[in-house]
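Data first, discussion second: the structure below is written as structure tokens.
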Amino acid sequence: MKKLLIGIDIGGTTIKIGFIDTLGEIIHKWEIPTQKDGSGDKIVQDIKKSIVESKVTLALENGQFLGIGIGAPGVINHKTGTVHAVNIGWTNYPLKEKIEEIFNLPVWIENDANMAVLGENWRGAGNGEENVMLITLGTGVGGGVIANGHLLRGESGAASEIGHVIVKQDGITCNCGRKGCLETIASATGMVHQAKEIVKSHPESRVAQLYRGNQTISVKDIFNLAKNGDEHSQQIIDYTTTVLAFALQNMATIINPSRILIGGGVSNAGDALLNPLKEKFMSIALPEISQTCELKIAALGNDAGIMGAAYVVLSETNEN
Ligand code: ZN
């Protein structure tokens with residue numbers, strides 16, 4: 001009977017769930033919507049219903065499952081197994097206890113970005129490194145760090161919050177309430193904000209024309225325009241990668257990673273993002289840091305979270 005791991009990745013809009021074998025092959029994966037109403041209990045009930053249904057459909061037995069790993073947004077308290085994630089309705093929510101009660105299986109919880117770095121390092125672009133950093137450039141900017149072979153959690157579970165490294169004095173206000181965080185520039189939201197500034201300052205620019213035509217502009221549009229020679233879009237990419245390179249080299253000076261992985265929606269730009277970022281990073285980092293560090297686009301996409309969650313179960317139950 002094949003042993004299986006359950007990986008769950010709880011996000012603001014969807015919950016991703018996967019049954020994964022001990023070699024890291026996804027046997028079955030699916031998504032359900034995140035129902036944020038009420039006390040947040042609906043999320044746990046939906047997870048229960050959905051996993052039970054999938055078990056029946058695939059004719060899997062309870063004895064096959066080794067445990068459940070869950071990546072959740074917000075701050076995880078490892079002492080109590082609670083999650084503080086206001087945007088999905090959880091205030092010190094006892095997630096670990098609730099899921100353990102339902103499934104009668106051991107449960108491990110981690111911050112979602114931490115799960116992503118573990119997933120990438122297991123079966124993605126990380127290759128089992130001892131020192132690896134992941135930065136995710138999405139609506140916000142997240143980060144996860146493995147240092148000396150261990151996940152870096154910090155005193156209150158807030159380590160590796162790369163998105164909130166301050167890169168600009170008196171910059172624009174961040175979701176965290178402070179000003180000038182990396183997230184305000186290098187996220188999809190941050191890049192679109194830069195584009196909107198160009199719409200205001202250069203109403204005849206191609207950026208402004210596209211914005212007026214579509215009533216919106218995306219990161220993909222910015223990279224497309226730059227590819228076609230648009231100077232303003234290129235400026236956005238230059239500025240973003242410069243700021244990002246500074247922040248990453250600062251982090252790398254502390255961690256000394258062998259790999260820095262770039263994930264999230266913005267990383268879909270591929271080499272158009274990676275090449276200038278690499279060049280800038282290599283030119284400013286200490287040689288001792290840069291010579292042993294490779295920057296790569298993350299490989300698992302949306303599966304990184306469930307893969308990391310499964311990996312935690314695997315490593316904690318010593319089945320490998
Ligand atoms: Zn911030």
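Labeling convention for the structure tokens: chains A, B, ... as they appear, residues from 1 per chain, ligands from 1 in order of appearance.
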
So that each row is one residue of chain A with an atom at most 8 Å from ligand 1, can you give its shortest atom pair and the distance in Å to one decimal, using only C-alpha atoms and all ligand atoms, rows by chain and rising number, as JSON lines?
```
{"residue": "A:Gly163", "atom": "CA", "partner": "ligand 1", "partner_atom_place_in_ligand_line": "1 (Zn)", "distance": 6.4}
{"residue": "A:His164", "atom": "CA", "partner": "ligand 1", "partner_atom_place_in_ligand_line": "1 (Zn)", "distance": 4.0}
{"residue": "A:Val165", "atom": "CA", "partner": "ligand 1", "partner_atom_place_in_ligand_line": "1 (Zn)", "distance": 7.2}
{"residue": "A:Ile166", "atom": "CA", "partner": "ligand 1", "partner_atom_place_in_ligand_line": "1 (Zn)", "distance": 7.4}
{"residue": "A:Thr173", "atom": "CA", "partner": "ligand 1", "partner_atom_place_in_ligand_line": "1 (Zn)", "distance": 7.7}
{"residue": "A:Cys174", "atom": "CA", "partner": "ligand 1", "partner_atom_place_in_ligand_line": "1 (Zn)", "distance": 4.6}
{"residue": "A:Asn175", "atom": "CA", "partner": "ligand 1", "partner_atom_place_in_ligand_line": "1 (Zn)", "distance": 5.7}
{"residue": "A:Cys176", "atom": "CA", "partner": "ligand 1", "partner_atom_place_in_ligand_line": "1 (Zn)", "distance": 4.3}
{"residue": "A:Gly177", "atom": "CA", "partner": "ligand 1", "partner_atom_place_in_ligand_line": "1 (Zn)", "distance": 6.5}
{"residue": "A:Arg178", "atom": "CA", "partner": "ligand 1", "partner_atom_place_in_ligand_line": "1 (Zn)", "distance": 5.6}
{"residue": "A:Lys179", "atom": "CA", "partner": "ligand 1", "partner_atom_place_in_ligand_line": "1 (Zn)", "distance": 6.8}
{"residue": "A:Gly180", "atom": "CA", "partner": "ligand 1", "partner_atom_place_in_ligand_line": "1 (Zn)", "distance": 7.3}
{"residue": "A:Cys181", "atom": "CA", "partner": "ligand 1", "partner_atom_place_in_ligand_line": "1 (Zn)", "distance": 4.6}
{"residue": "A:Leu182", "atom": "CA", "partner": "ligand 1", "partner_atom_place_in_ligand_line": "1 (Zn)", "distance": 7.3}
{"residue": "A:Glu183", "atom": "CA", "partner": "ligand 1", "partner_atom_place_in_ligand_line": "1 (Zn)", "distance": 6.4}
{"residue": "A:Thr184", "atom": "CA", "partner": "ligand 1", "partner_atom_place_in_ligand_line": "1 (Zn)", "distance": 7.5}
```

*Neighbours of Leu286 of chain A within 12 Å (only C-alpha atoms; same-chain residues fewer than 2 positions away dropped), as a VMD selection string?*
chain A and resid 246 248 to 254 256 281 to 284 288 to 293

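Proximity ranking of A:Asn104, A:Thr136, A:Asn214, A:Ser187 relative to Ile68 of chain A places A:Asn104 first, based on only C-alpha atoms.
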
*Please identify all polymer residues within 9 Å of segment 94-99 of chain A, counting only C-alpha atoms, omitting same-chain residues fewer than 4 positions from it, and present them as an MDAnalysis selection string.*
chainID A and resid 44 47:48 68 70 80:83 90 103:109

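For segment 1-18 of chain A, the non-local neighbours within 6 Å, defined as residues at least 2 positions apart in the same chain or in other chains and counting only C-alpha atoms, are Ile20, Asp21, His28, Lys29, Trp30, Glu31, Ile32, Pro33, Thr34, Gln64, Phe65, Leu66, Gly67, Ile68, Gly69, Ile70, Gly71, Ala72, Gly305, Ile306, Ala309 and Ala310 of chain A.
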
Could the residues in this selection be saved with N, CA, C and O atoms as an mmCIF file, in the first residue's frame?
```
data_model
loop_
_atom_site.group_PDB
_atom_site.id
_atom_site.type_symbol
_atom_site.label_atom_id
_atom_site.label_comp_id
_atom_site.auth_asym_id
_atom_site.auth_seq_id
_atom_site.Cartn_x
_atom_site.Cartn_y
_atom_site.Cartn_z
ATOM 1 N N ILE A 20 0.294 13.447 -2.270
ATOM 2 C CA ILE A 20 1.632 13.371 -2.862
ATOM 3 C C ILE A 20 2.342 12.149 -2.297
ATOM 4 O O ILE A 20 2.229 11.866 -1.089
ATOM 5 N N ASP A 21 3.052 11.408 -3.155
ATOM 6 C CA ASP A 21 3.732 10.228 -2.623
ATOM 7 C C ASP A 21 5.086 10.604 -2.016
ATOM 8 O O ASP A 21 5.511 11.761 -2.096
ATOM 9 N N HIS A 28 -2.714 13.319 -6.904
ATOM 10 C CA HIS A 28 -3.961 14.022 -7.216
ATOM 11 C C HIS A 28 -3.898 15.396 -6.578
ATOM 12 O O HIS A 28 -3.462 15.537 -5.442
ATOM 13 N N LYS A 29 -4.302 16.415 -7.319
ATOM 14 C CA LYS A 29 -4.346 17.757 -6.723
ATOM 15 C C LYS A 29 -5.584 18.482 -7.205
ATOM 16 O O LYS A 29 -6.077 18.212 -8.294
ATOM 17 N N TRP A 30 -6.072 19.387 -6.365
ATOM 18 C CA TRP A 30 -7.277 20.131 -6.720
ATOM 19 C C TRP A 30 -7.335 21.399 -5.890
ATOM 20 O O TRP A 30 -6.492 21.609 -5.004
ATOM 21 N N GLU A 31 -8.333 22.228 -6.208
ATOM 22 C CA GLU A 31 -8.493 23.505 -5.503
ATOM 23 C C GLU A 31 -9.932 23.692 -5.059
ATOM 24 O O GLU A 31 -10.837 23.231 -5.742
ATOM 25 N N ILE A 32 -10.103 24.372 -3.939
ATOM 26 C CA ILE A 32 -11.452 24.770 -3.527
ATOM 27 C C ILE A 32 -11.399 26.260 -3.156
ATOM 28 O O ILE A 32 -10.335 26.762 -2.807
ATOM 29 N N PRO A 33 -12.517 26.965 -3.258
ATOM 30 C CA PRO A 33 -12.487 28.396 -2.897
ATOM 31 C C PRO A 33 -12.316 28.603 -1.390
ATOM 32 O O PRO A 33 -12.770 27.781 -0.599
ATOM 33 N N THR A 34 -11.665 29.680 -1.008
ATOM 34 C CA THR A 34 -11.510 30.030 0.409
ATOM 35 C C THR A 34 -12.734 30.830 0.845
ATOM 36 O O THR A 34 -12.961 31.939 0.373
ATOM 37 N N GLN A 64 -3.171 4.768 4.551
ATOM 38 C CA GLN A 64 -2.133 5.156 3.588
ATOM 39 C C GLN A 64 -1.504 6.499 3.907
ATOM 40 O O GLN A 64 -0.418 6.813 3.431
ATOM 41 N N PHE A 65 -2.221 7.329 4.694
ATOM 42 C CA PHE A 65 -1.773 8.702 4.886
ATOM 43 C C PHE A 65 -0.870 8.855 6.109
ATOM 44 O O PHE A 65 -1.206 8.415 7.204
ATOM 45 N N LEU A 66 0.275 9.485 5.883
ATOM 46 C CA LEU A 66 1.250 9.655 6.973
ATOM 47 C C LEU A 66 0.978 10.894 7.812
ATOM 48 O O LEU A 66 1.340 10.945 8.985
ATOM 49 N N GLY A 67 0.382 11.900 7.216
ATOM 50 C CA GLY A 67 0.126 13.134 7.954
ATOM 51 C C GLY A 67 -0.252 14.250 7.004
ATOM 52 O O GLY A 67 -0.330 14.059 5.790
ATOM 53 N N ILE A 68 -0.469 15.413 7.600
ATOM 54 C CA ILE A 68 -0.939 16.572 6.825
ATOM 55 C C ILE A 68 -0.026 17.763 7.097
ATOM 56 O O ILE A 68 0.253 18.096 8.254
ATOM 57 N N GLY A 69 0.444 18.379 6.022
ATOM 58 C CA GLY A 69 1.187 19.633 6.135
ATOM 59 C C GLY A 69 0.324 20.758 5.605
ATOM 60 O O GLY A 69 -0.364 20.585 4.598
ATOM 61 N N ILE A 70 0.338 21.889 6.302
ATOM 62 C CA ILE A 70 -0.502 23.009 5.864
ATOM 63 C C ILE A 70 0.310 24.302 5.835
ATOM 64 O O ILE A 70 0.918 24.702 6.835
ATOM 65 N N GLY A 71 0.307 24.937 4.689
ATOM 66 C CA GLY A 71 0.872 26.285 4.572
ATOM 67 C C GLY A 71 -0.259 27.284 4.709
ATOM 68 O O GLY A 71 -1.289 27.146 4.052
ATOM 69 N N ALA A 72 -0.088 28.247 5.594
ATOM 70 C CA ALA A 72 -1.147 29.234 5.814
ATOM 71 C C ALA A 72 -0.549 30.635 5.742
ATOM 72 O O ALA A 72 0.618 30.833 6.071
ATOM 73 N N GLY A 305 3.656 25.345 -2.721
ATOM 74 C CA GLY A 305 3.095 25.307 -1.364
ATOM 75 C C GLY A 305 2.687 23.901 -0.937
ATOM 76 O O GLY A 305 3.054 23.441 0.159
ATOM 77 N N ILE A 306 1.943 23.185 -1.783
ATOM 78 C CA ILE A 306 1.514 21.832 -1.392
ATOM 79 C C ILE A 306 2.701 20.875 -1.348
ATOM 80 O O ILE A 306 2.757 19.976 -0.523
ATOM 81 N N ALA A 309 4.489 21.507 1.907
ATOM 82 C CA ALA A 309 3.675 20.986 3.011
ATOM 83 C C ALA A 309 3.828 19.468 3.101
ATOM 84 O O ALA A 309 3.947 18.897 4.190
ATOM 85 N N ALA A 310 3.857 18.809 1.940
ATOM 86 C CA ALA A 310 4.056 17.356 1.921
ATOM 87 C C ALA A 310 5.460 17.011 2.413
ATOM 88 O O ALA A 310 5.657 16.042 3.156
#
```

*If you run DSSP over the backbone, which residues in segment 70-252 of chain A end up strand (DSSP E or B)? Put them as a PyMOL selection string.*
chain A and resi 70-72+75-77+82-85+90-93+107-111+132-137+141-147+150-151+166+173+179+181

*Nearby residues (only C-alpha atoms) at most 9 Å from segment 112-121 of chain A, same-chain spacing under 3 positions excluded, as a ChimeraX atom specification*: /A:9-11,69-74,109,124-129,132-136,142-146,151-153,160-161,261,298-300,303-312
